Amino acid sequence: MDFPNFSFATATEIRFGRGQAAAALPEVATLAERLLLVTGSQPARAGWARDGLVAQGRQVTVFSAPGEPDIAMIAAGVVAARQAGAQAVLAIGGGAAIDAGKAIAALVPAHRPVLDHLEVVGKGLPLDVPPLPFVAMPGTAGTGAEVTRNAVIAVPEARRKVSLRDRAMLPRLAVIDPGLTESCPRAVTLASGLDAITQVIEPYLCTRANPMTDALCRSAIPAGLSALARLMEKEDPQARDAMAWVSLCGGLALANAGLGVVHGLAGPLGGLSGAAHGAICGALLPHGLALNNRRASAHEALARFAEIRGWIAAALGGTPRDAYERLADWARAQGLPGLDAQGVDAGVRLQAAADAGASSSMRANPAELSVTDLEALLDAAR
């Protein structure tokens with residue numbers, strides 16, 4: 001086996017397991033006297049954390065991120081944090097809440113406006129001041145944002161979703177407690193789970209895969225497929241644990257290898273249509289796999305596609321030959337909407353195909369794809 005040069009960066013500390021979220025509160029309390037608690041659309045779900053920190057004498061200001069963050073939401077969060085004198089940020093919730101908290105922590109001390117630091121639509125400058133200490137506790141098994149160095153932010157004026165990215169944005173502490181995911185609705189479990197699976201598949205196939213990310217992805221892909229299939233049949237604590245692990249592996253892998261065409265298209269599609277990221281990835285995944293498999297030429301890449309087809313067949317039935325079609329049919333049968341039903345119309349699809357080339361995710365895709373290829377992929381995912 002060849003061992004290429006590579007680097008690997010992640011959160012200062014990762015804690016995984018049931019009960020770890022509550023157990024970490026005393027350490028979170030040591031970070032600051034005044035904290036901003038960023039939650040999802042239901043702040044009450046994080047009430048246990050607020051109460052626990054207040055009981056330890058900390059001042060806690062709650063800020064809700066009810067949807068995927070945009071420029072206005074982040075600006076409001078920065079204002080709330082500065083007015084409260086927040087010295088650290090704790091985010092509890094799905095990927096949107098984690099991204100919002102990460103961005104707010106980065107921008108509260110910053111001297112420049114956010115657009116100076118955004119990729120694609122801004123100047124992409126590095127942060128000029130270190131972020132506030134940031135702690136992430138994911139409430140869904142999906143994005144792996146608790147161990148990445150970027151936050152995805154929508155810029156409505158540009159109709160794009162782009163990243164605020166800096167190595168300094170890696171969290172001080174990432175606590176992955178599968179118990180926090182057990183109240184997720186079935187549709188959220190499905191969409192976020194398919195996103196998590198995409199995020200271990202794409203780094204495994206991408207041109208920047210390395211031995212460390214391979215070690216994470218190779219076991220996580222079949223584990224994620226099997227666990228998500230079980231969760232669509234019934235609630236299963238062990239499957240929740242497995243999906244939390246897969247999501248963590250995806251975050252670690254994508255941050256240190258790369259992604260591919262599914263995420264290369266998902267960013268423009270989300271910015272243009274407002275559709276949810278996880279549902280977009282789930283709709284695109286089987287068709288992106290099929291296209292890349294047809295276009296890839298490297299022997300090692302083709303061998304990895306064969307592995308993935310076998311893992312899909314083992315988890316969902318069918319044969320490796322029809323694995324991608326099986327995955328698409330299975331996801332639809334579980335209730336995942338196609339792009340049309342997500343509000344992604346023909347005009348949006350054409351624009352996203354044209355815009356995807358500027359996406360950082362496309363740089364490591366395992367095959368060269370034309371705009372015509374991307375348009376055909378998007379049509380197949382309707």
# chains A, B, ... in the order shown; residues from 1 in each chain; ligands from 1

call {"tool": "select_by_dssp", "arguments": {"residues": "range 182-297 of chain A", "states": "alpha helix (DSSP H)", "output": "MDAnalysis selection string"}}
result
chainID A and resid 186:205 211:233 237:256 261:273 277:295

call {"tool": "residues_around", "arguments": {"residues": "range 326-332 of chain A", "least_positions_apart": "3", "cutoff": "9 Å", "atoms": "only C-alpha atoms", "output": "list in words"}}
result
Leu190, Leu194, Gly282, Ala283, Leu284, Leu285, Pro286, His287, Ile312, Ala313, Leu316, Gly317, Gly318, Thr319, Asp322, Ala323, Gly335, Leu336, Pro337, Gly338 and Ala381 of chain A

call {"tool": "residues_around", "arguments": {"residues": "range 36-53 of chain A", "least_positions_apart": "5", "cutoff": "6 Å", "atoms": "only C-alpha atoms", "output": "PyMOL selection string"}}
result
chain A and resi 58+60-66+86+89-93+97+101

call {"tool": "write_last_selection", "arguments": {"atoms": "N, CA, C and O atoms", "output": "PDB file, in the first residue's frame"}}
result
ATOM      1  N   ARG A  58     -23.448  30.127  35.836  1.00  0.00           N
ATOM      2  CA  ARG A  58     -23.114  30.769  34.568  1.00  0.00           C
ATOM      3  C   ARG A  58     -24.316  31.540  34.018  1.00  0.00           C
ATOM      4  O   ARG A  58     -25.471  31.158  34.226  1.00  0.00           O
ATOM      5  N   VAL A  60     -26.420  32.462  30.857  1.00  0.00           N
ATOM      6  CA  VAL A  60     -26.632  31.802  29.565  1.00  0.00           C
ATOM      7  C   VAL A  60     -27.665  32.584  28.763  1.00  0.00           C
ATOM      8  O   VAL A  60     -28.786  32.815  29.230  1.00  0.00           O
ATOM      9  N   THR A  61     -27.306  32.990  27.585  1.00  0.00           N
ATOM     10  CA  THR A  61     -28.219  33.619  26.639  1.00  0.00           C
ATOM     11  C   THR A  61     -28.522  32.612  25.539  1.00  0.00           C
ATOM     12  O   THR A  61     -27.601  32.025  24.958  1.00  0.00           O
ATOM     13  N   VAL A  62     -29.804  32.404  25.265  1.00  0.00           N
ATOM     14  CA  VAL A  62     -30.218  31.408  24.265  1.00  0.00           C
ATOM     15  C   VAL A  62     -30.502  32.108  22.942  1.00  0.00           C
ATOM     16  O   VAL A  62     -31.193  33.124  22.894  1.00  0.00           O
ATOM     17  N   PHE A  63     -29.965  31.550  21.876  1.00  0.00           N
ATOM     18  CA  PHE A  63     -30.213  32.061  20.527  1.00  0.00           C
ATOM     19  C   PHE A  63     -30.667  30.896  19.659  1.00  0.00           C
ATOM     20  O   PHE A  63     -29.978  29.879  19.566  1.00  0.00           O
ATOM     21  N   SER A  64     -31.841  31.031  19.042  1.00  0.00           N
ATOM     22  CA  SER A  64     -32.405  29.953  18.235  1.00  0.00           C
ATOM     23  C   SER A  64     -32.067  30.134  16.765  1.00  0.00           C
ATOM     24  O   SER A  64     -32.209  31.237  16.210  1.00  0.00           O
ATOM     25  N   ALA A  65     -31.616  29.052  16.139  1.00  0.00           N
ATOM     26  CA  ALA A  65     -31.397  29.010  14.690  1.00  0.00           C
ATOM     27  C   ALA A  65     -32.471  28.095  14.105  1.00  0.00           C
ATOM     28  O   ALA A  65     -32.288  26.883  14.033  1.00  0.00           O
ATOM     29  N   PRO A  66     -33.610  28.650  13.699  1.00  0.00           N
ATOM     30  CA  PRO A  66     -34.754  27.810  13.317  1.00  0.00           C
ATOM     31  C   PRO A  66     -34.608  27.124  11.965  1.00  0.00           C
ATOM     32  O   PRO A  66     -35.406  26.260  11.627  1.00  0.00           O
ATOM     33  N   ALA A  86     -21.039  37.535  25.711  1.00  0.00           N
ATOM     34  CA  ALA A  86     -20.709  36.105  25.675  1.00  0.00           C
ATOM     35  C   ALA A  86     -19.215  35.909  25.446  1.00  0.00           C
ATOM     36  O   ALA A  86     -18.606  36.565  24.600  1.00  0.00           O
ATOM     37  N   VAL A  89     -19.273  29.878  23.197  1.00  0.00           N
ATOM     38  CA  VAL A  89     -20.508  29.478  22.528  1.00  0.00           C
ATOM     39  C   VAL A  89     -20.650  27.962  22.618  1.00  0.00           C
ATOM     40  O   VAL A  89     -19.699  27.216  22.350  1.00  0.00           O
ATOM     41  N   LEU A  90     -21.858  27.534  22.992  1.00  0.00           N
ATOM     42  CA  LEU A  90     -22.241  26.122  22.978  1.00  0.00           C
ATOM     43  C   LEU A  90     -23.394  25.974  22.004  1.00  0.00           C
ATOM     44  O   LEU A  90     -24.382  26.697  22.097  1.00  0.00           O
ATOM     45  N   ALA A  91     -23.267  25.060  21.035  1.00  0.00           N
ATOM     46  CA  ALA A  91     -24.347  24.798  20.082  1.00  0.00           C
ATOM     47  C   ALA A  91     -24.843  23.385  20.259  1.00  0.00           C
ATOM     48  O   ALA A  91     -24.053  22.432  20.296  1.00  0.00           O
ATOM     49  N   ILE A  92     -26.178  23.249  20.351  1.00  0.00           N
ATOM     50  CA  ILE A  92     -26.822  21.945  20.504  1.00  0.00           C
ATOM     51  C   ILE A  92     -27.937  21.864  19.481  1.00  0.00           C
ATOM     52  O   ILE A  92     -28.864  22.681  19.484  1.00  0.00           O
ATOM     53  N   GLY A  93     -27.877  20.894  18.583  1.00  0.00           N
ATOM     54  CA  GLY A  93     -28.935  20.740  17.585  1.00  0.00           C
ATOM     55  C   GLY A  93     -28.398  20.099  16.325  1.00  0.00           C
ATOM     56  O   GLY A  93     -27.344  19.462  16.319  1.00  0.00           O
ATOM     57  N   ALA A  97     -27.827  24.378  13.448  1.00  0.00           N
ATOM     58  CA  ALA A  97     -27.496  25.015  14.725  1.00  0.00           C
ATOM     59  C   ALA A  97     -25.992  24.977  14.981  1.00  0.00           C
ATOM     60  O   ALA A  97     -25.409  25.958  15.472  1.00  0.00           O
ATOM     61  N   GLY A 101     -23.736  28.305  15.341  1.00  0.00           N
ATOM     62  CA  GLY A 101     -22.905  28.551  16.517  1.00  0.00           C
ATOM     63  C   GLY A 101     -21.441  28.724  16.174  1.00  0.00           C
ATOM     64  O   GLY A 101     -20.748  29.590  16.726  1.00  0.00           O
TER      65      GLY A 101
END

call {"tool": "residues_around", "arguments": {"residues": "Asp379 in chain A", "least_positions_apart": "5", "cutoff": "12 Å", "atoms": "only C-alpha atoms", "output": "PyMOL selection string"}}
result
chain A and resi 283-284+287-288+338-340+344-350+352-353+372-374

call {"tool": "closest_residue", "arguments": {"among": "A:Gly251, A:Pro211, A:Pro113, A:Gly77", "to": "Gly144 in chain A", "atoms": "only C-alpha atoms"}}
result
A:Gly251

call {"tool": "atom_distance", "arguments": {"atom1": "CA of Leu31 in chain A", "atom2": "CA of Leu173 in chain A"}}
result
10.7 Å

call {"tool": "closest_residue", "arguments": {"among": "A:Met137, A:Met212, A:Ala106, A:Leu228", "to": "Ser7 in chain A", "atoms": "only C-alpha atoms"}}
result
A:Met212

call {"tool": "select_by_dssp", "arguments": {"residues": "range 122-318 of chain A", "states": "strand (DSSP E or B)", "output": "mmCIF file with N, CA, C and O atoms, in the first residue's frame"}}
result
data_model
loop_
_atom_site.group_PDB
_atom_site.id
_atom_site.type_symbol
_atom_site.label_atom_id
_atom_site.label_comp_id
_atom_site.auth_asym_id
_atom_site.auth_seq_id
_atom_site.Cartn_x
_atom_site.Cartn_y
_atom_site.Cartn_z
ATOM 1 N N PHE A 134 -15.563 27.302 21.342
ATOM 2 C CA PHE A 134 -16.801 26.771 20.782
ATOM 3 C C PHE A 134 -16.917 25.293 21.108
ATOM 4 O O PHE A 134 -15.969 24.516 20.920
ATOM 5 N N VAL A 135 -18.109 24.912 21.578
ATOM 6 C CA VAL A 135 -18.423 23.514 21.901
ATOM 7 C C VAL A 135 -19.639 23.095 21.093
ATOM 8 O O VAL A 135 -20.629 23.828 21.015
ATOM 9 N N ALA A 136 -19.563 21.919 20.457
ATOM 10 C CA ALA A 136 -20.654 21.425 19.617
ATOM 11 C C ALA A 136 -21.189 20.114 20.161
ATOM 12 O O ALA A 136 -20.416 19.206 20.483
ATOM 13 N N MET A 137 -22.528 20.023 20.240
ATOM 14 C CA MET A 137 -23.213 18.793 20.649
ATOM 15 C C MET A 137 -24.310 18.522 19.631
ATOM 16 O O MET A 137 -25.398 19.089 19.719
ATOM 17 N N PRO A 138 -24.066 17.675 18.634
ATOM 18 C CA PRO A 138 -25.068 17.457 17.582
ATOM 19 C C PRO A 138 -26.304 16.734 18.094
ATOM 20 O O PRO A 138 -26.218 15.788 18.882
ATOM 21 N N ASN A 150 -15.486 24.580 8.963
ATOM 22 C CA ASN A 150 -16.264 25.552 8.187
ATOM 23 C C ASN A 150 -17.700 25.599 8.667
ATOM 24 O O ASN A 150 -18.182 24.669 9.337
ATOM 25 N N ALA A 151 -18.366 26.674 8.315
ATOM 26 C CA ALA A 151 -19.800 26.817 8.552
ATOM 27 C C ALA A 151 -20.433 27.229 7.231
ATOM 28 O O ALA A 151 -19.960 28.155 6.570
ATOM 29 N N VAL A 152 -21.496 26.529 6.842
ATOM 30 C CA VAL A 152 -22.183 26.823 5.584
ATOM 31 C C VAL A 152 -23.246 27.887 5.843
ATOM 32 O O VAL A 152 -24.103 27.718 6.722
ATOM 33 N N ILE A 153 -23.192 28.966 5.066
ATOM 34 C CA ILE A 153 -24.083 30.112 5.271
ATOM 35 C C ILE A 153 -24.725 30.484 3.943
ATOM 36 O O ILE A 153 -24.039 30.598 2.924
ATOM 37 N N ALA A 154 -26.032 30.672 3.952
ATOM 38 C CA ALA A 154 -26.738 31.114 2.751
ATOM 39 C C ALA A 154 -26.574 32.618 2.581
ATOM 40 O O ALA A 154 -26.628 33.383 3.553
ATOM 41 N N VAL A 155 -26.382 33.025 1.336
ATOM 42 C CA VAL A 155 -26.314 34.445 0.985
ATOM 43 C C VAL A 155 -27.445 34.698 -0.004
ATOM 44 O O VAL A 155 -27.280 34.521 -1.213
ATOM 45 N N ARG A 160 -26.743 31.769 -3.150
ATOM 46 C CA ARG A 160 -25.712 30.751 -2.970
ATOM 47 C C ARG A 160 -25.610 30.364 -1.504
ATOM 48 O O ARG A 160 -25.922 31.165 -0.609
ATOM 49 N N LYS A 161 -25.161 29.146 -1.258
ATOM 50 C CA LYS A 161 -24.710 28.733 0.059
ATOM 51 C C LYS A 161 -23.203 28.544 -0.039
ATOM 52 O O LYS A 161 -22.722 27.799 -0.897
ATOM 53 N N VAL A 162 -22.481 29.221 0.833
ATOM 54 C CA VAL A 162 -21.024 29.195 0.767
ATOM 55 C C VAL A 162 -20.467 28.994 2.171
ATOM 56 O O VAL A 162 -21.195 29.079 3.168
ATOM 57 N N SER A 163 -19.170 28.769 2.247
ATOM 58 C CA SER A 163 -18.552 28.473 3.536
ATOM 59 C C SER A 163 -17.782 29.654 4.105
ATOM 60 O O SER A 163 -17.100 30.376 3.380
ATOM 61 N N LEU A 164 -17.908 29.796 5.402
ATOM 62 C CA LEU A 164 -16.976 30.555 6.220
ATOM 63 C C LEU A 164 -16.003 29.509 6.749
ATOM 64 O O LEU A 164 -16.420 28.582 7.440
ATOM 65 N N ARG A 165 -14.738 29.618 6.395
ATOM 66 C CA ARG A 165 -13.809 28.514 6.657
ATOM 67 C C ARG A 165 -12.498 29.038 7.227
ATOM 68 O O ARG A 165 -11.888 29.953 6.693
ATOM 69 N N LEU A 173 -14.352 21.524 21.796
ATOM 70 C CA LEU A 173 -14.846 20.237 22.280
ATOM 71 C C LEU A 173 -16.037 19.809 21.433
ATOM 72 O O LEU A 173 -16.935 20.611 21.180
ATOM 73 N N ALA A 174 -16.027 18.574 20.959
ATOM 74 C CA ALA A 174 -17.161 17.995 20.232
ATOM 75 C C ALA A 174 -17.673 16.815 21.033
ATOM 76 O O ALA A 174 -16.922 15.878 21.309
ATOM 77 N N VAL A 175 -18.950 16.881 21.404
ATOM 78 C CA VAL A 175 -19.558 15.833 22.221
ATOM 79 C C VAL A 175 -20.657 15.165 21.405
ATOM 80 O O VAL A 175 -21.683 15.789 21.108
ATOM 81 N N ILE A 176 -20.438 13.918 21.039
ATOM 82 C CA ILE A 176 -21.403 13.187 20.227
ATOM 83 C C ILE A 176 -22.109 12.194 21.135
ATOM 84 O O ILE A 176 -21.565 11.149 21.496
#

call {"tool": "atom_distance", "arguments": {"atom1": "CA of Pro203 in chain A", "atom2": "CA of His277 in chain A"}}
result
17.6 Å

call {"tool": "closest_residue", "arguments": {"among": "A:Ala110, A:Leu180, A:Leu265, A:Ala314", "to": "Gly224 in chain A", "atoms": "only C-alpha atoms"}}
result
A:Ala314

call {"tool": "residues_around", "arguments": {"residues": "range 252-262 of chain A", "least_positions_apart": "5", "cutoff": "9 Å", "atoms": "only C-alpha atoms", "output": "ChimeraX atom specification"}}
result
/A:6-10,144-145,147-150,198-210,212-214,216-217,247,267,280-282,284-285,287-289,292,356,360-366,369,374

call {"tool": "residues_around", "arguments": {"residues": "Ala84 in chain A", "least_positions_apart": "3", "cutoff": "9 Å", "atoms": "only C-alpha atoms", "output": "short mmCIF file (atom, residue, chain, number, x, y, z; two decimals) with all heavy atoms, in the first residue's frame"}}
result
data_model
loop_
_atom_site.label_atom_id
_atom_site.label_comp_id
_atom_site.auth_asym_id
_atom_site.auth_seq_id
_atom_site.Cartn_x
_atom_site.Cartn_y
_atom_site.Cartn_z
N ARG A 34 -20.01 33.83 30.95
CA ARG A 34 -21.19 34.15 30.16
C ARG A 34 -21.10 33.39 28.83
O ARG A 34 -20.12 33.52 28.09
CB ARG A 34 -21.28 35.67 29.90
CG ARG A 34 -21.45 36.49 31.17
CD ARG A 34 -21.60 37.98 30.88
NE ARG A 34 -20.40 38.53 30.26
CZ ARG A 34 -19.31 38.91 30.92
NH1 ARG A 34 -19.27 38.78 32.24
NH2 ARG A 34 -18.27 39.40 30.27
N LEU A 35 -22.15 32.63 28.55
CA LEU A 35 -22.15 31.80 27.37
C LEU A 35 -23.36 32.08 26.49
O LEU A 35 -24.44 32.42 27.00
CB LEU A 35 -22.17 30.30 27.75
CG LEU A 35 -20.97 29.77 28.51
CD1 LEU A 35 -21.35 29.63 29.98
CD2 LEU A 35 -20.53 28.42 27.97
N LEU A 36 -23.18 31.91 25.19
CA LEU A 36 -24.29 31.91 24.25
C LEU A 36 -24.61 30.45 23.93
O LEU A 36 -23.73 29.70 23.52
CB LEU A 36 -23.92 32.65 22.96
CG LEU A 36 -25.06 32.77 21.94
CD1 LEU A 36 -26.08 33.81 22.39
CD2 LEU A 36 -24.52 33.13 20.55
N GLN A 59 -24.03 32.64 33.31
CA GLN A 59 -25.08 33.39 32.63
C GLN A 59 -25.21 32.84 31.21
O GLN A 59 -24.21 32.78 30.48
CB GLN A 59 -24.72 34.88 32.59
CG GLN A 59 -24.59 35.53 33.96
CD GLN A 59 -24.18 36.98 33.86
OE1 GLN A 59 -24.60 37.70 32.96
NE2 GLN A 59 -23.34 37.42 34.79
N VAL A 60 -26.42 32.46 30.86
CA VAL A 60 -26.63 31.80 29.56
C VAL A 60 -27.66 32.58 28.76
O VAL A 60 -28.79 32.81 29.23
CB VAL A 60 -27.11 30.34 29.75
CG1 VAL A 60 -27.31 29.68 28.39
CG2 VAL A 60 -26.11 29.55 30.58
N THR A 61 -27.31 32.99 27.58
CA THR A 61 -28.22 33.62 26.64
C THR A 61 -28.52 32.61 25.54
O THR A 61 -27.60 32.03 24.96
CB THR A 61 -27.59 34.89 26.02
OG1 THR A 61 -27.30 35.81 27.06
CG2 THR A 61 -28.54 35.52 25.01
N VAL A 79 -24.84 39.91 17.12
CA VAL A 79 -25.35 41.02 17.94
C VAL A 79 -25.79 40.51 19.31
O VAL A 79 -25.45 41.10 20.36
CB VAL A 79 -26.51 41.73 17.23
CG1 VAL A 79 -27.21 42.70 18.18
CG2 VAL A 79 -26.00 42.48 16.00
N ALA A 80 -26.54 39.40 19.33
CA ALA A 80 -27.01 38.84 20.60
C ALA A 80 -25.85 38.45 21.50
O ALA A 80 -25.86 38.69 22.72
CB ALA A 80 -27.91 37.63 20.34
N ALA A 81 -24.83 37.85 20.91
CA ALA A 81 -23.67 37.43 21.70
C ALA A 81 -22.90 38.62 22.25
O ALA A 81 -22.49 38.63 23.42
CB ALA A 81 -22.75 36.56 20.84
N GLN A 87 -18.66 34.97 26.19
CA GLN A 87 -17.22 34.67 26.11
C GLN A 87 -16.96 33.29 25.52
O GLN A 87 -15.80 32.92 25.29
CB GLN A 87 -16.62 34.76 27.51
CG GLN A 87 -16.83 36.11 28.18
CD GLN A 87 -16.76 36.01 29.69
OE1 GLN A 87 -17.36 35.13 30.30
NE2 GLN A 87 -16.00 36.93 30.30
#
